Amino acid sequence: MSDPKIVKLVDESSNRSSELPLISGTLGPACIDIGTLYKDTGHFTYDPGYGSTASTKSAITYIDGDQGVLLYRGYPIEQLAEKSSFLEVAYLLLNGELPKPTEFATFEHDITHHTMMHEAQKNFFQGFHHDAHPMAMLAAAVASLSAFYHDDLDVENPSDRKMAAIRLIAKMPTIAAACYRYSIGWPMRYPRNNLEYVTRFLHMMFEVPSEPLQMNPVAAKALDLLFILHADHEQNASTSTVRLVGSTGANPYASIAAGITALWGPAHGGANEAVLKQLEEIGTPDNVESAVLRAKDKNDSFRLMGFGHRVYKNFDPRAKIIREMCHKVLAELGVNDPLLEVAMKLEEAALKDDYFVERKLYPNVDFYSGIIYKALGIPTEMFTVMFAIARTAGWIAHWIEQHETPGSRIGRPRQIYTGADVRNYTSGDKR
Ligand code: SDX
């Protein structure tokens, strides 16, 4: 896929130059390969938010931010949302192709038979205060998996890597549900192998010993669709974190735990929790205008959570699907949430406002998802945990892809040093 095109870069101050190859992929902008730049010119490049920097080649997901396009292994997200399931999408992200029925049956069997936590792992929860944030518990519990699966795990062994992927995708719902159950003082539930992936998760979340759980198929279908939409998204902050940690040869469970902590931030996956809290703070459609004014005020740190995106400068295709889902799921569940009207008014006001139009700020995946999670009975603090369950498929697919890529090196960015020039130590009486 690399073109013989060259970009010549000349430093006129030193008259040193560098001829840099231009690399193209299947889709998207060509990239200037700056691997020899420092050797040729003595200069680094500087791009602190990586807005113009590709960190890797990848065949997993493609985003066209201007057109609002999202492809998983070449398949448009809209088609996968309509026709696939989360577990089938997880297989696609991991293996690059949609599974034949026999391949999917084997994959589903493997996932189903790796859903239990080690009994000793439950003890980790006892160390948390009951009101610990579930993302803190999730990160710790997933990191603890690296204590249960480490000694005989060889990250260079493809079957060990595949088993780590199976265990992580299988155990995330069990661990996530355990975080919730611990936070409300309910006994943890064992995964039921006779249930499919999402229904099994909802059962572990909401089933109580005292009465059988009436499972609503609408809830399972809605959550499965949300998991599809959140499964992967190129080199976002948490996936880049997983890749950077994984580039050191670290244990896959530790690498995914790092991704969980990165996802928690309100600028990233933590935005879905922040959106709902913001909608509750705004309260009614009458307060929307003042919220939009605050979001535009440079002296106010207030931002419209669930709005804007580093890559999408058009509608996030996931947000479009989730917005349509909101109406359908709430109607099917018979839920009338006034926050949906606040969200729609907020979107309408922002999309008409020059500040948002000029900056191409549109609703992102986090803007409407919380309204659906709330309708499913999932507490606000668990929203980002939902994101983490789904994104585990993408994280581990990227972790594996990096290990399968010949010549992968440890990630080690350089910097512009702005500290003190060299100076000599002085004794205390001379300071
Ligand atoms: C996710 O990367 C991924 O793919 C992430 C994700 C995934 O699937 O992995 O899509 C998931 O993280 C979605 C994003 C969730 N975060 C939020 O909703 C938080 C609110 N959004 C912002 O914090 C912000 O838009 C970011 C973090 C999403 C993007 O930040 P950027 O690319 O650094 O954009 P920026 O801060 O440079 O903003 C550009 C301008 C600035 O104004 P000016 O300095 O040009 O005057 O837009 C403004 C910003 O102040 N701006 C906003 C805004 N987002 C950007 N102003 C008000 N409200 C907002 N939400």
# chains A, B, ... in the order shown; residues from 1 in each chain; ligands from 1
>>> closest_atom_pairs(of="chain A", to="ligand 1", cutoff="9 Å", atoms="only C-alpha atoms and all ligand atoms", output="CSV")
residue,atom,partner,partner_atom_place_in_ligand_line,distance
A:Gly49,CA,ligand 1,33 (O),7.1
A:Gly51,CA,ligand 1,32 (O),7.6
A:Ile63,CA,ligand 1,4 (O),8.7
A:Leu229,CA,ligand 1,8 (O),8.4
A:His230,CA,ligand 1,8 (O),6.1
A:Ala231,CA,ligand 1,8 (O),7.9
A:Asp232,CA,ligand 1,8 (O),6.5
A:His233,CA,ligand 1,8 (O),4.9
A:Glu234,CA,ligand 1,4 (O),6.6
A:Gln235,CA,ligand 1,2 (O),6.9
A:Asn236,CA,ligand 1,2 (O),3.8
A:Ala237,CA,ligand 1,2 (O),6.0
A:Ser238,CA,ligand 1,9 (O),7.0
A:Thr239,CA,ligand 1,9 (O),7.6
A:Leu263,CA,ligand 1,12 (O),7.5
A:Gly265,CA,ligand 1,12 (O),8.4
A:Pro266,CA,ligand 1,19 (C),6.0
A:Ala267,CA,ligand 1,16 (N),4.1
A:His268,CA,ligand 1,12 (O),3.1
A:Gly269,CA,ligand 1,12 (O),4.9
A:Gly270,CA,ligand 1,15 (C),7.3
A:Ala271,CA,ligand 1,17 (C),4.9
A:Asn272,CA,ligand 1,15 (C),7.3
A:Ala274,CA,ligand 1,19 (C),8.2
A:Val275,CA,ligand 1,18 (O),7.6
A:Val292,CA,ligand 1,57 (C),8.2
A:Arg294,CA,ligand 1,57 (C),8.4
A:Ala295,CA,ligand 1,57 (C),4.7
A:Lys296,CA,ligand 1,57 (C),5.8
A:Asp297,CA,ligand 1,57 (C),8.4
A:Lys298,CA,ligand 1,50 (O),7.2
A:Ser301,CA,ligand 1,57 (C),8.8
A:Phe302,CA,ligand 1,58 (N),7.3
A:Arg303,CA,ligand 1,58 (N),3.8
A:Leu304,CA,ligand 1,60 (N),4.1
A:Met305,CA,ligand 1,20 (C),4.2
A:Gly306,CA,ligand 1,18 (O),3.2
A:Phe307,CA,ligand 1,60 (N),4.2
A:Gly308,CA,ligand 1,25 (O),3.5
A:His309,CA,ligand 1,28 (C),3.9
A:Arg310,CA,ligand 1,32 (O),3.4
A:Val311,CA,ligand 1,2 (O),6.7
A:Tyr312,CA,ligand 1,10 (O),8.3
A:Asp316,CA,ligand 1,10 (O),8.1
A:Arg318,CA,ligand 1,8 (O),9.0
A:Tyr355,CA,ligand 1,56 (N),8.0
A:Phe356,CA,ligand 1,56 (N),7.2
A:Glu358,CA,ligand 1,47 (O),8.8
A:Arg359,CA,ligand 1,47 (O),5.4
A:Lys360,CA,ligand 1,47 (O),7.8
A:Leu361,CA,ligand 1,54 (N),6.4
A:Tyr362,CA,ligand 1,60 (N),8.5
A:Pro363,CA,ligand 1,18 (O),7.7
A:Asn364,CA,ligand 1,13 (C),5.7
A:Val365,CA,ligand 1,13 (C),6.0
A:Asp366,CA,ligand 1,15 (C),6.0
A:Phe367,CA,ligand 1,18 (O),6.9
A:Phe387,CA,ligand 1,8 (O),8.8
A:Arg391,CA,ligand 1,9 (O),8.1
>>> select_by_dssp(residues="range 94-294 of chain A", states="helix (DSSP H, G or I)", output="VMD selection string")
chain A and resid 94 to 95 101 to 112 119 to 126 134 to 148 158 to 183 197 to 206 217 to 229 237 to 246 252 to 263 271 to 282 285 to 294
>>> residues_around(residues="Ile6 in chain A", least_positions_apart="2", cutoff="8 Å", atoms="only C-alpha atoms", output="list in words")
Pro4, Lys8, Glu19, Leu20, Pro21 and Leu22 of chain A
>>> residues_around(residues="Glu381 in chain A", least_positions_apart="2", cutoff="12 Å", atoms="only C-alpha atoms", output="ChimeraX atom specification")
/A:131-138,176,179-180,183-184,264,269-277,370,373-374,377-379,383-387
>>> write_last_selection(atoms="N, CA, C and O atoms", output="compact mmCIF listing (two decimals), in the first residue's frame")
# COMPACT_ATOMS: atom_id res chain seq x y z
N ASP A 131 -19.29 2.73 48.37
CA ASP A 131 -19.62 3.75 47.36
C ASP A 131 -18.44 4.04 46.43
O ASP A 131 -18.37 5.09 45.80
N ALA A 132 -17.51 3.10 46.35
CA ALA A 132 -16.39 3.25 45.40
C ALA A 132 -16.95 3.34 43.98
O ALA A 132 -17.92 2.65 43.65
N HIS A 133 -16.37 4.16 43.14
CA HIS A 133 -16.87 4.29 41.76
C HIS A 133 -16.63 2.96 41.03
O HIS A 133 -15.52 2.41 41.11
N PRO A 134 -17.62 2.44 40.32
CA PRO A 134 -17.44 1.14 39.66
C PRO A 134 -16.30 1.11 38.65
O PRO A 134 -15.72 0.05 38.42
N MET A 135 -15.93 2.26 38.08
CA MET A 135 -14.79 2.23 37.16
C MET A 135 -13.49 1.98 37.92
O MET A 135 -12.58 1.32 37.41
N ALA A 136 -13.41 2.47 39.15
CA ALA A 136 -12.22 2.20 39.97
C ALA A 136 -12.16 0.70 40.29
O ALA A 136 -11.11 0.07 40.19
N MET A 137 -13.31 0.13 40.63
CA MET A 137 -13.35 -1.30 40.96
C MET A 137 -13.06 -2.14 39.72
O MET A 137 -12.31 -3.11 39.76
N LEU A 138 -13.61 -1.73 38.58
CA LEU A 138 -13.42 -2.49 37.33
C LEU A 138 -11.94 -2.50 36.94
O LEU A 138 -11.38 -3.55 36.63
N ALA A 176 -18.05 -6.63 35.68
CA ALA A 176 -18.83 -5.38 35.70
C ALA A 176 -20.06 -5.54 36.58
O ALA A 176 -20.36 -4.69 37.42
N CYS A 179 -19.15 -5.47 40.18
CA CYS A 179 -18.91 -4.10 40.69
C CYS A 179 -20.25 -3.48 41.12
O CYS A 179 -20.35 -2.87 42.19
N TYR A 180 -21.26 -3.65 40.28
CA TYR A 180 -22.58 -3.08 40.59
C TYR A 180 -23.19 -3.74 41.82
O TYR A 180 -23.64 -3.06 42.75
N SER A 183 -21.68 -2.62 44.96
CA SER A 183 -21.99 -1.22 45.32
C SER A 183 -23.39 -1.09 45.94
O SER A 183 -23.67 -0.15 46.66
N ILE A 184 -24.27 -2.06 45.67
CA ILE A 184 -25.62 -1.97 46.26
C ILE A 184 -25.82 -3.03 47.34
O ILE A 184 -26.93 -3.22 47.84
N TRP A 264 -12.06 6.23 31.54
CA TRP A 264 -12.84 6.83 32.65
C TRP A 264 -12.92 8.34 32.55
O TRP A 264 -13.88 8.97 32.98
N GLY A 269 -14.52 8.30 27.58
CA GLY A 269 -15.70 7.47 27.86
C GLY A 269 -16.51 7.93 29.06
O GLY A 269 -17.71 7.65 29.16
N GLY A 270 -15.87 8.66 29.97
CA GLY A 270 -16.58 9.15 31.14
C GLY A 270 -17.62 10.20 30.78
O GLY A 270 -18.43 10.61 31.60
N ALA A 271 -17.63 10.61 29.51
CA ALA A 271 -18.59 11.65 29.08
C ALA A 271 -20.03 11.16 29.16
O ALA A 271 -20.94 11.95 29.42
N ASN A 272 -20.26 9.84 28.97
CA ASN A 272 -21.67 9.39 29.00
C ASN A 272 -22.29 9.60 30.38
O ASN A 272 -23.45 10.01 30.51
N GLU A 273 -21.49 9.38 31.42
CA GLU A 273 -21.96 9.65 32.80
C GLU A 273 -22.11 11.16 32.98
O GLU A 273 -23.13 11.65 33.51
N ALA A 274 -21.14 11.91 32.46
CA ALA A 274 -21.18 13.39 32.63
C ALA A 274 -22.37 14.00 31.88
O ALA A 274 -22.98 14.97 32.35
N VAL A 275 -22.73 13.41 30.74
CA VAL A 275 -23.88 13.94 29.97
C VAL A 275 -25.15 13.85 30.79
O VAL A 275 -25.90 14.82 30.94
N LEU A 276 -25.37 12.68 31.39
CA LEU A 276 -26.63 12.51 32.13
C LEU A 276 -26.67 13.45 33.34
O LEU A 276 -27.68 14.09 33.63
N LYS A 277 -25.53 13.59 34.01
CA LYS A 277 -25.49 14.50 35.17
C LYS A 277 -25.72 15.94 34.71
O LYS A 277 -26.40 16.72 35.36
N GLY A 370 -26.63 7.58 27.48
CA GLY A 370 -27.01 7.50 28.90
C GLY A 370 -28.51 7.45 29.10
O GLY A 370 -28.99 6.81 30.05
N TYR A 373 -29.32 3.82 28.71
CA TYR A 373 -28.85 3.04 29.87
C TYR A 373 -29.79 3.28 31.06
O TYR A 373 -30.17 2.34 31.77
N LYS A 374 -30.18 4.52 31.25
CA LYS A 374 -31.06 4.86 32.39
C LYS A 374 -32.40 4.14 32.25
O LYS A 374 -32.93 3.58 33.19
N GLY A 377 -32.43 0.71 33.41
CA GLY A 377 -32.26 0.51 34.86
C GLY A 377 -30.82 0.50 35.30
O GLY A 377 -30.48 0.15 36.42
N ILE A 378 -29.92 0.90 34.39
CA ILE A 378 -28.49 0.92 34.73
C ILE A 378 -28.17 2.26 35.40
O ILE A 378 -28.49 3.32 34.84
N PRO A 379 -27.55 2.24 36.59
CA PRO A 379 -27.27 3.50 37.29
C PRO A 379 -26.21 4.32 36.58
O PRO A 379 -25.34 3.78 35.89
N PHE A 383 -22.43 3.80 33.66
CA PHE A 383 -22.50 4.02 32.21
C PHE A 383 -21.15 3.76 31.54
O PHE A 383 -21.07 3.13 30.50
N THR A 384 -20.07 4.27 32.14
CA THR A 384 -18.77 4.10 31.49
C THR A 384 -18.30 2.65 31.58
O THR A 384 -17.54 2.16 30.74
N VAL A 385 -18.81 1.95 32.59
CA VAL A 385 -18.52 0.50 32.68
C VAL A 385 -19.13 -0.21 31.47
O VAL A 385 -18.52 -1.11 30.88
N MET A 386 -20.32 0.24 31.05
CA MET A 386 -20.95 -0.35 29.84
C MET A 386 -20.04 -0.13 28.64
O MET A 386 -19.81 -1.03 27.83
N PHE A 387 -19.50 1.10 28.55
CA PHE A 387 -18.60 1.44 27.45
C PHE A 387 -17.39 0.50 27.47
O PHE A 387 -16.96 -0.03 26.46
>>> atom_distance(atom1="CA of Tyr368 in chain A", atom2="CA of Gly334 in chain A")
17.5 Å
>>> closest_residue(among="A:Pro187, A:Pro413, A:Gly259, A:Pro252", to="Ala164 in chain A", atoms="only C-alpha atoms")
A:Pro252
>>> atom_distance(atom1="CA of Ala343 in chain A", atom2="CA of Cys326 in chain A")
10.8 Å
>>> closest_atom_pairs(of="range 48-76 of chain A", to="range 87-104 of chain A", cutoff="7 Å", atoms="only C-alpha atoms", output="JSON lines")
{"residue": "A:Ile60", "atom": "CA", "partner": "A:Leu93", "partner_atom": "CA", "distance": 6.2}
{"residue": "A:Tyr72", "atom": "CA", "partner": "A:Leu93", "partner_atom": "CA", "distance": 6.8}
{"residue": "A:Arg73", "atom": "CA", "partner": "A:Gly96", "partner_atom": "CA", "distance": 5.9}
>>> atom_distance(atom1="CA of Ser369 in chain A", atom2="CA of Glu348 in chain A")
17.1 Å
>>> closest_residue(among="A:His398, A:His114, A:Lys328, A:Arg409", to="Ser240 in chain A", atoms="only C-alpha atoms")
A:His398
>>> closest_residue(among="A:Tyr46, A:Glu341, A:Thr41, A:Ala291", to="Tyr417 in chain A", atoms="only C-alpha atoms")
A:Tyr46
>>> closest_residue(among="A:Leu37, A:Ile32, A:Leu153, A:Ser290", to="Ala349 in chain A", atoms="only C-alpha atoms")
A:Ser290
>>> closest_residue(among="A:Cys31, A:Leu202, A:Leu351, A:Ala331", to="Gln214 in chain A", atoms="only C-alpha atoms")
A:Leu202
>>> closest_residue(among="A:Ile410, A:Ile372, A:Ile111, A:Ile389", to="Ile321 in chain A", atoms="only C-alpha atoms")
A:Ile372
